[in-house]
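A quick write-up on the structure given underneath.
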Amino acid sequence: MLIVIDQTPERSCLRAAKIVAALIKKKPWPVLGLATGKSPLGLYRELIRMHREEGLDFSRVTTFNLDEYYGIANDHPHSFFRQIHQEFLDHTNIRKENSHVPNGSAPDFEKTCQEYEKAILDAGGIDLQILGIGRTGHIGFNEPTSSLASRTRLKTLSNETIEDNRNNDIPTVAVTMGIGTILEARQMLMLAFGDAKAEALVKAIEGPITSSVSASALQLHPNVTVLADEAAAANLTHRDYYGRVVEQTAKYSPERLGLI
Ligand code: GLP
């Protein structure tokens with residue numbers, strides 16, 4: 001796991017955007033896994049800027065969102081479908097048919113989950129998965145006790161997650177990619193900003209692998225980059241070592257740091 005601590009979320013997001021843009025330029029048909037929430041907003045803003053000012057082309061990009069509330073329509077003001085379109089997709093030239101969000105209003109949720117898994121496979125799997133981390137240490141909506149082998153399914157949201165999403169009129173269940181689904185992505189980029197994430201981050205990176213902190217499952221993946229700001233990284237024990245790893249990575253694999 002590569003842990004890159006930048007002074008501010010803005011710097012981390014610029015770095016993340018360079019990493020994502022490099023993949024988009026390199027792969028003929030890149031497949032991105034997208035997250036909603038506040039953490040990736042700066043990354044999406046920078047990708048939109050690159051599209052507008054530098055011609056970054058999304059016409060061959062396919063995207064799969066991690067999760068969606070279950071029981072609301074796409075045009076609901078709090079749907080992740082709406083969020084990802086407003087904050088990112090609608091400002092790029094991605095083709096409508098290539099962007100996927102789990103269907104939060106399908107009456108048969110099991111069928112919709114299976115179809116989502118199949119669509120990811122049919123696209124050739126996810127090349128790069130963007131992740132945030134919830135206060136309970138979750139990725140997607142894989143709340144504590146989510147099986148590390150789980151696939152896309154319905155999950156009950158924890159009280160903390162409902163509180164953090166600051167809305168009582170959101171559903172308390174969601175469709176989310178499972179941990180097993182997420183771990184199949186070829187590369188992970190996890191973003192963590194602010195002191196509210198410090199406890200979850202130290203557990204995910206330095207704690208034991210446990211379904212109580214689903215982000216800790218990333219320790220099983222060979223290609224994870226964590227981009228954190230100083231506040232989120234405050235509790236990490238081996239910061240000095242992570243800094244030295246970053247220095248060596250800059251020398252030997254600069255593309256992993258968004259340096260080329
Ligand atoms: C929600 C989402 C996660 C997201 C997390 C953190 O629970 N399901 O995918 O990563 O919140 O959100 P934020 O980035 O707003 O802190």
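Naming scheme: A, B, ... for chains in displayed order of the structure tokens; residues 1 onward per chain; ligands 1 onward as shown.
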
Within 6 Å of ligand 1: each chain A residue with its shortest pair, only C-alpha atoms and all ligand atoms, as a tab-separated table:
```
residue	atom	partner	partner_atom_place_in_ligand_line	distance
A:Ala35	CA	ligand 1	9 (O)	5.3
A:Thr36	CA	ligand 1	9 (O)	5.8
A:Gly37	CA	ligand 1	15 (O)	3.4
A:Lys38	CA	ligand 1	15 (O)	3.7
A:Ser39	CA	ligand 1	14 (O)	3.7
A:Leu131	CA	ligand 1	10 (O)	5.6
A:Gly132	CA	ligand 1	10 (O)	3.2
A:Ile133	CA	ligand 1	10 (O)	4.4
A:Gly134	CA	ligand 1	5 (C)	4.1
A:Ile139	CA	ligand 1	9 (O)	5.5
A:Gly140	CA	ligand 1	9 (O)	3.8
A:Phe141	CA	ligand 1	8 (N)	4.5
A:Thr161	CA	ligand 1	7 (O)	5.6
```

(message) When you look at A:Val245 with a cut-off of 10 Å (counting only C-alpha atoms), what residues show up, excluding the ones that are within fewer than 5 positions of it in the same chain? I need them as a PyMOL selection string.
(response) chain A and resi 1-4+239-240+250-251

(message) Restricting the calculation to only C-alpha atoms: of A:Gly180, A:Gly33, A:Gly243, A:Pro171, which residue gets closest to A:His76?
(response) A:Pro171

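Proximity of A:Asp195, A:Glu46, A:Glu10, A:Glu97 to A:Asn235, computed with only C-alpha atoms, is greatest for A:Asp195.
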
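The closest residue to A:Leu14, picked from A:Leu148, A:Leu259, A:Ala73, A:Leu201 and counting only C-alpha atoms, is A:Leu259.
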
(message) Residues near stretch 79-86 of chain A, anyone? I mean within 12 Å using only C-alpha atoms, not counting same-chain ones fewer than 3 positions away, as a PyMOL selection string.
(response) chain A and resi 33-38+40-41+44-45+48+63-76+89-96+99-105+140+165+167+169-171+174-176

Next, dump the selected residues to file, keeping only N, CA and C atoms, as a compact mmCIF listing (two decimals), in the first residue's frame.
```txt
# COMPACT_ATOMS: atom_id res chain seq x y z
N GLY A 33 -14.12 3.06 -11.58
CA GLY A 33 -15.10 2.89 -10.50
C GLY A 33 -15.21 4.24 -9.80
N LEU A 34 -16.40 4.76 -9.65
CA LEU A 34 -16.57 6.10 -9.07
C LEU A 34 -17.22 6.05 -7.69
N ALA A 35 -16.85 7.01 -6.86
CA ALA A 35 -17.47 7.17 -5.54
C ALA A 35 -18.18 8.52 -5.52
N THR A 36 -19.23 8.61 -4.71
CA THR A 36 -19.84 9.93 -4.46
C THR A 36 -19.36 10.39 -3.08
N GLY A 37 -19.98 11.44 -2.56
CA GLY A 37 -19.53 11.98 -1.27
C GLY A 37 -18.62 13.17 -1.51
N LYS A 38 -18.14 13.77 -0.42
CA LYS A 38 -17.35 15.00 -0.53
C LYS A 38 -15.91 14.73 -0.98
N PRO A 40 -14.17 12.92 -3.20
CA PRO A 40 -13.66 13.01 -4.56
C PRO A 40 -14.04 14.27 -5.33
N LEU A 41 -14.72 15.23 -4.67
CA LEU A 41 -15.21 16.39 -5.43
C LEU A 41 -14.09 17.18 -6.10
N TYR A 44 -12.92 15.36 -9.16
CA TYR A 44 -13.83 15.51 -10.30
C TYR A 44 -13.71 16.91 -10.91
N ARG A 45 -13.58 17.92 -10.05
CA ARG A 45 -13.44 19.30 -10.56
C ARG A 45 -12.21 19.41 -11.46
N ILE A 48 -12.73 17.68 -14.78
CA ILE A 48 -13.59 18.50 -15.65
C ILE A 48 -12.74 19.63 -16.27
N THR A 63 -17.91 4.02 -16.75
CA THR A 63 -17.85 4.20 -15.29
C THR A 63 -18.90 3.34 -14.58
N PHE A 64 -18.54 2.93 -13.38
CA PHE A 64 -19.46 2.20 -12.49
C PHE A 64 -19.42 2.87 -11.13
N ASN A 65 -20.54 3.37 -10.67
CA ASN A 65 -20.57 3.91 -9.30
C ASN A 65 -20.63 2.79 -8.28
N LEU A 66 -20.08 3.09 -7.11
CA LEU A 66 -20.02 2.10 -6.04
C LEU A 66 -21.37 1.73 -5.47
N ASP A 67 -22.25 2.74 -5.33
CA ASP A 67 -23.44 2.48 -4.52
C ASP A 67 -24.56 3.46 -4.83
N GLU A 68 -25.74 3.14 -4.31
CA GLU A 68 -26.91 4.00 -4.46
C GLU A 68 -27.90 3.68 -3.35
N TYR A 69 -28.60 4.69 -2.85
CA TYR A 69 -29.67 4.44 -1.90
C TYR A 69 -30.73 3.58 -2.57
N TYR A 70 -31.34 2.71 -1.77
CA TYR A 70 -32.37 1.85 -2.35
C TYR A 70 -33.75 2.37 -1.96
N GLY A 71 -34.59 2.53 -2.97
CA GLY A 71 -35.96 2.99 -2.72
C GLY A 71 -36.18 4.42 -3.19
N ILE A 72 -35.22 4.95 -3.96
CA ILE A 72 -35.45 6.30 -4.52
C ILE A 72 -35.16 6.27 -6.02
N ALA A 73 -35.79 7.19 -6.72
CA ALA A 73 -35.62 7.25 -8.18
C ALA A 73 -34.35 8.06 -8.51
N ASN A 74 -33.86 7.90 -9.73
CA ASN A 74 -32.65 8.60 -10.16
C ASN A 74 -32.74 10.12 -9.98
N ASP A 75 -33.96 10.66 -10.17
CA ASP A 75 -34.07 12.12 -10.10
C ASP A 75 -34.35 12.63 -8.68
N HIS A 76 -34.30 11.74 -7.69
CA HIS A 76 -34.46 12.17 -6.29
C HIS A 76 -33.31 13.12 -5.94
N LEU A 89 -20.16 13.73 -14.28
CA LEU A 89 -20.38 13.15 -15.62
C LEU A 89 -20.96 14.14 -16.62
N ASP A 90 -21.91 14.96 -16.18
CA ASP A 90 -22.57 15.87 -17.13
C ASP A 90 -21.62 16.93 -17.68
N HIS A 91 -20.46 17.08 -17.08
CA HIS A 91 -19.51 18.10 -17.52
C HIS A 91 -18.39 17.51 -18.37
N THR A 92 -18.56 16.24 -18.75
CA THR A 92 -17.56 15.57 -19.60
C THR A 92 -18.28 15.10 -20.86
N ASN A 93 -17.51 14.50 -21.76
CA ASN A 93 -18.14 13.96 -22.97
C ASN A 93 -18.31 12.45 -22.87
N ILE A 94 -18.51 11.95 -21.63
CA ILE A 94 -18.76 10.51 -21.47
C ILE A 94 -20.09 10.16 -22.14
N ARG A 95 -20.15 8.99 -22.77
CA ARG A 95 -21.41 8.59 -23.40
C ARG A 95 -22.37 8.09 -22.33
N LYS A 96 -23.62 8.51 -22.44
CA LYS A 96 -24.65 8.15 -21.45
C LYS A 96 -24.69 6.65 -21.18
N SER A 99 -22.09 5.07 -18.60
CA SER A 99 -21.99 5.36 -17.17
C SER A 99 -23.08 4.57 -16.43
N HIS A 100 -22.66 3.90 -15.36
CA HIS A 100 -23.57 3.01 -14.65
C HIS A 100 -23.62 3.37 -13.16
N VAL A 101 -24.84 3.39 -12.63
CA VAL A 101 -25.06 3.57 -11.18
C VAL A 101 -26.05 2.48 -10.79
N PRO A 102 -25.84 1.80 -9.67
CA PRO A 102 -26.83 0.78 -9.29
C PRO A 102 -28.23 1.39 -9.26
N ASN A 103 -29.20 0.59 -9.71
CA ASN A 103 -30.57 1.08 -9.81
C ASN A 103 -31.25 1.06 -8.43
N GLY A 104 -31.54 2.24 -7.90
CA GLY A 104 -32.12 2.35 -6.56
C GLY A 104 -33.62 2.22 -6.55
N SER A 105 -34.22 2.01 -7.73
CA SER A 105 -35.69 1.93 -7.73
C SER A 105 -36.19 0.65 -8.39
N GLY A 140 -17.62 2.02 -0.06
CA GLY A 140 -18.96 1.84 -0.62
C GLY A 140 -19.93 2.02 0.54
N ASN A 165 -24.49 11.47 6.40
CA ASN A 165 -25.08 11.91 5.15
C ASN A 165 -26.12 13.00 5.41
N ASN A 167 -29.04 13.58 6.52
CA ASN A 167 -30.37 13.71 5.99
C ASN A 167 -31.26 12.61 6.50
N ASP A 169 -34.26 12.16 5.51
CA ASP A 169 -35.21 11.67 4.52
C ASP A 169 -34.54 10.82 3.44
N ILE A 170 -33.34 10.29 3.74
CA ILE A 170 -32.75 9.33 2.81
C ILE A 170 -33.14 7.92 3.27
N PRO A 171 -33.19 6.97 2.34
CA PRO A 171 -33.48 5.60 2.76
C PRO A 171 -32.40 5.09 3.71
N ALA A 174 -29.23 0.52 1.14
CA ALA A 174 -28.59 0.92 -0.12
C ALA A 174 -28.13 -0.31 -0.88
N VAL A 175 -27.98 -0.14 -2.19
CA VAL A 175 -27.35 -1.17 -3.01
C VAL A 175 -25.88 -0.78 -3.12
N THR A 176 -24.98 -1.69 -2.79
CA THR A 176 -23.55 -1.37 -2.86
C THR A 176 -22.74 -2.51 -3.46
```

(request) Find the residues near A:Glu255: any atom within 12 Å, counting only C-alpha atoms, skip ones fewer than 4 places away on the same chain, and give them as number ranges by chain. (result) A: 15-23, 26, 225, 246, 249-251, 259-260

Restricted to N, CA and C atoms, what would the selected residues look like written as a PDB file, in the first residue's frame?
```pdb
ATOM      1  N   ARG A  15      -3.248  15.502  -7.520  1.00  0.00           N
ATOM      2  CA  ARG A  15      -2.435  14.302  -7.737  1.00  0.00           C
ATOM      3  C   ARG A  15      -3.329  13.155  -8.244  1.00  0.00           C
ATOM      4  N   ALA A  16      -4.483  12.992  -7.578  1.00  0.00           N
ATOM      5  CA  ALA A  16      -5.411  11.921  -7.985  1.00  0.00           C
ATOM      6  C   ALA A  16      -5.843  12.119  -9.438  1.00  0.00           C
ATOM      7  N   ALA A  17      -6.130  13.363  -9.799  1.00  0.00           N
ATOM      8  CA  ALA A  17      -6.602  13.646 -11.167  1.00  0.00           C
ATOM      9  C   ALA A  17      -5.520  13.286 -12.187  1.00  0.00           C
ATOM     10  N   LYS A  18      -4.252  13.538 -11.837  1.00  0.00           N
ATOM     11  CA  LYS A  18      -3.163  13.195 -12.778  1.00  0.00           C
ATOM     12  C   LYS A  18      -3.096  11.681 -12.964  1.00  0.00           C
ATOM     13  N   ILE A  19      -3.289  10.953 -11.881  1.00  0.00           N
ATOM     14  CA  ILE A  19      -3.234   9.481 -11.955  1.00  0.00           C
ATOM     15  C   ILE A  19      -4.398   8.967 -12.830  1.00  0.00           C
ATOM     16  N   VAL A  20      -5.584   9.504 -12.606  1.00  0.00           N
ATOM     17  CA  VAL A  20      -6.761   9.068 -13.381  1.00  0.00           C
ATOM     18  C   VAL A  20      -6.590   9.469 -14.849  1.00  0.00           C
ATOM     19  N   ALA A  21      -6.136  10.698 -15.087  1.00  0.00           N
ATOM     20  CA  ALA A  21      -5.982  11.174 -16.471  1.00  0.00           C
ATOM     21  C   ALA A  21      -4.953  10.330 -17.215  1.00  0.00           C
ATOM     22  N   ALA A  22      -3.893   9.930 -16.538  1.00  0.00           N
ATOM     23  CA  ALA A  22      -2.853   9.109 -17.187  1.00  0.00           C
ATOM     24  C   ALA A  22      -3.464   7.785 -17.646  1.00  0.00           C
ATOM     25  N   LEU A  23      -4.331   7.202 -16.829  1.00  0.00           N
ATOM     26  CA  LEU A  23      -4.983   5.938 -17.206  1.00  0.00           C
ATOM     27  C   LEU A  23      -5.897   6.163 -18.414  1.00  0.00           C
ATOM     28  N   LYS A  26      -3.873   6.389 -21.459  1.00  0.00           N
ATOM     29  CA  LYS A  26      -3.090   5.187 -21.801  1.00  0.00           C
ATOM     30  C   LYS A  26      -3.951   4.034 -22.307  1.00  0.00           C
ATOM     31  N   THR A 225      -3.333   2.962  -3.590  1.00  0.00           N
ATOM     32  CA  THR A 225      -2.721   4.222  -3.189  1.00  0.00           C
ATOM     33  C   THR A 225      -3.723   4.966  -2.316  1.00  0.00           C
ATOM     34  N   VAL A 246       7.456   7.074  -0.329  1.00  0.00           N
ATOM     35  CA  VAL A 246       7.034   8.011  -1.377  1.00  0.00           C
ATOM     36  C   VAL A 246       8.268   8.549  -2.122  1.00  0.00           C
ATOM     37  N   THR A 249       9.415   5.899  -4.409  1.00  0.00           N
ATOM     38  CA  THR A 249       8.439   5.716  -5.490  1.00  0.00           C
ATOM     39  C   THR A 249       8.606   6.827  -6.531  1.00  0.00           C
ATOM     40  N   ALA A 250       8.899   8.040  -6.064  1.00  0.00           N
ATOM     41  CA  ALA A 250       9.088   9.164  -6.990  1.00  0.00           C
ATOM     42  C   ALA A 250      10.243   8.863  -7.945  1.00  0.00           C
ATOM     43  N   LYS A 251      11.226   8.134  -7.430  1.00  0.00           N
ATOM     44  CA  LYS A 251      12.401   7.795  -8.243  1.00  0.00           C
ATOM     45  C   LYS A 251      12.100   6.657  -9.209  1.00  0.00           C
ATOM     46  N   LEU A 259       3.207  11.858 -11.033  1.00  0.00           N
ATOM     47  CA  LEU A 259       4.287  12.790 -11.370  1.00  0.00           C
ATOM     48  C   LEU A 259       4.578  12.816 -12.869  1.00  0.00           C
ATOM     49  N   ILE A 260       4.088  11.797 -13.593  1.00  0.00           N
ATOM     50  CA  ILE A 260       4.228  11.866 -15.068  1.00  0.00           C
ATOM     51  C   ILE A 260       2.923  11.409 -15.719  1.00  0.00           C
TER      52      ILE A 260
END
```

Report as JSON lines the residues of stretch 88-185 of chain A within 12 Å of stretch 212-220 of chain A, each with its shortest atom pair and distance in Å (one decimal), using only C-alpha atoms, ordered by chain and increasing residue number.
```
{"residue": "A:Gln129", "atom": "CA", "partner": "A:Leu218", "partner_atom": "CA", "distance": 11.5}
{"residue": "A:Leu131", "atom": "CA", "partner": "A:Ala215", "partner_atom": "CA", "distance": 9.3}
{"residue": "A:Gly132", "atom": "CA", "partner": "A:Ala215", "partner_atom": "CA", "distance": 9.3}
{"residue": "A:Ile133", "atom": "CA", "partner": "A:Ala215", "partner_atom": "CA", "distance": 7.1}
{"residue": "A:Gly134", "atom": "CA", "partner": "A:Ala215", "partner_atom": "CA", "distance": 8.9}
{"residue": "A:Arg135", "atom": "CA", "partner": "A:Val213", "partner_atom": "CA", "distance": 9.6}
{"residue": "A:Thr136", "atom": "CA", "partner": "A:Val213", "partner_atom": "CA", "distance": 6.7}
{"residue": "A:Gly137", "atom": "CA", "partner": "A:Val213", "partner_atom": "CA", "distance": 4.7}
{"residue": "A:His138", "atom": "CA", "partner": "A:Ser214", "partner_atom": "CA", "distance": 4.9}
{"residue": "A:Ile139", "atom": "CA", "partner": "A:Ala215", "partner_atom": "CA", "distance": 5.5}
{"residue": "A:Gly140", "atom": "CA", "partner": "A:Ser214", "partner_atom": "CA", "distance": 9.1}
{"residue": "A:Phe141", "atom": "CA", "partner": "A:Ser214", "partner_atom": "CA", "distance": 9.3}
{"residue": "A:Asn142", "atom": "CA", "partner": "A:Ser214", "partner_atom": "CA", "distance": 6.3}
{"residue": "A:Glu143", "atom": "CA", "partner": "A:Ser214", "partner_atom": "CA", "distance": 6.9}
{"residue": "A:Pro144", "atom": "CA", "partner": "A:Ser212", "partner_atom": "CA", "distance": 4.1}
{"residue": "A:Thr145", "atom": "CA", "partner": "A:Ser212", "partner_atom": "CA", "distance": 5.2}
{"residue": "A:Ser146", "atom": "CA", "partner": "A:Ser214", "partner_atom": "CA", "distance": 6.9}
{"residue": "A:Ser147", "atom": "CA", "partner": "A:Ser214", "partner_atom": "CA", "distance": 8.4}
{"residue": "A:Leu148", "atom": "CA", "partner": "A:Ala217", "partner_atom": "CA", "distance": 6.7}
{"residue": "A:Ala149", "atom": "CA", "partner": "A:Ala217", "partner_atom": "CA", "distance": 9.7}
{"residue": "A:Ser150", "atom": "CA", "partner": "A:Ser214", "partner_atom": "CA", "distance": 10.6}
{"residue": "A:Ser158", "atom": "CA", "partner": "A:Ser212", "partner_atom": "CA", "distance": 11.8}
{"residue": "A:Gly178", "atom": "CA", "partner": "A:Ser214", "partner_atom": "CA", "distance": 9.7}
{"residue": "A:Ile179", "atom": "CA", "partner": "A:Ser214", "partner_atom": "CA", "distance": 7.3}
{"residue": "A:Gly180", "atom": "CA", "partner": "A:Ala217", "partner_atom": "CA", "distance": 9.2}
{"residue": "A:Thr181", "atom": "CA", "partner": "A:Ala217", "partner_atom": "CA", "distance": 11.6}
{"residue": "A:Ile182", "atom": "CA", "partner": "A:Leu218", "partner_atom": "CA", "distance": 9.0}
{"residue": "A:Leu183", "atom": "CA", "partner": "A:Leu218", "partner_atom": "CA", "distance": 7.1}
{"residue": "A:Glu184", "atom": "CA", "partner": "A:Leu218", "partner_atom": "CA", "distance": 10.7}
{"residue": "A:Ala185", "atom": "CA", "partner": "A:Leu218", "partner_atom": "CA", "distance": 10.9}
```

(request) Assign secondary structure with DSSP using the backbone only, and return the residues of stretch 113-149 of chain A in helix (DSSP H, G or I) as a ChimeraX atom specification. (result) /A:113-122

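Going from atom CA of A:Glu206 over to atom CA of A:Ala234, you cover 12.8 Å.
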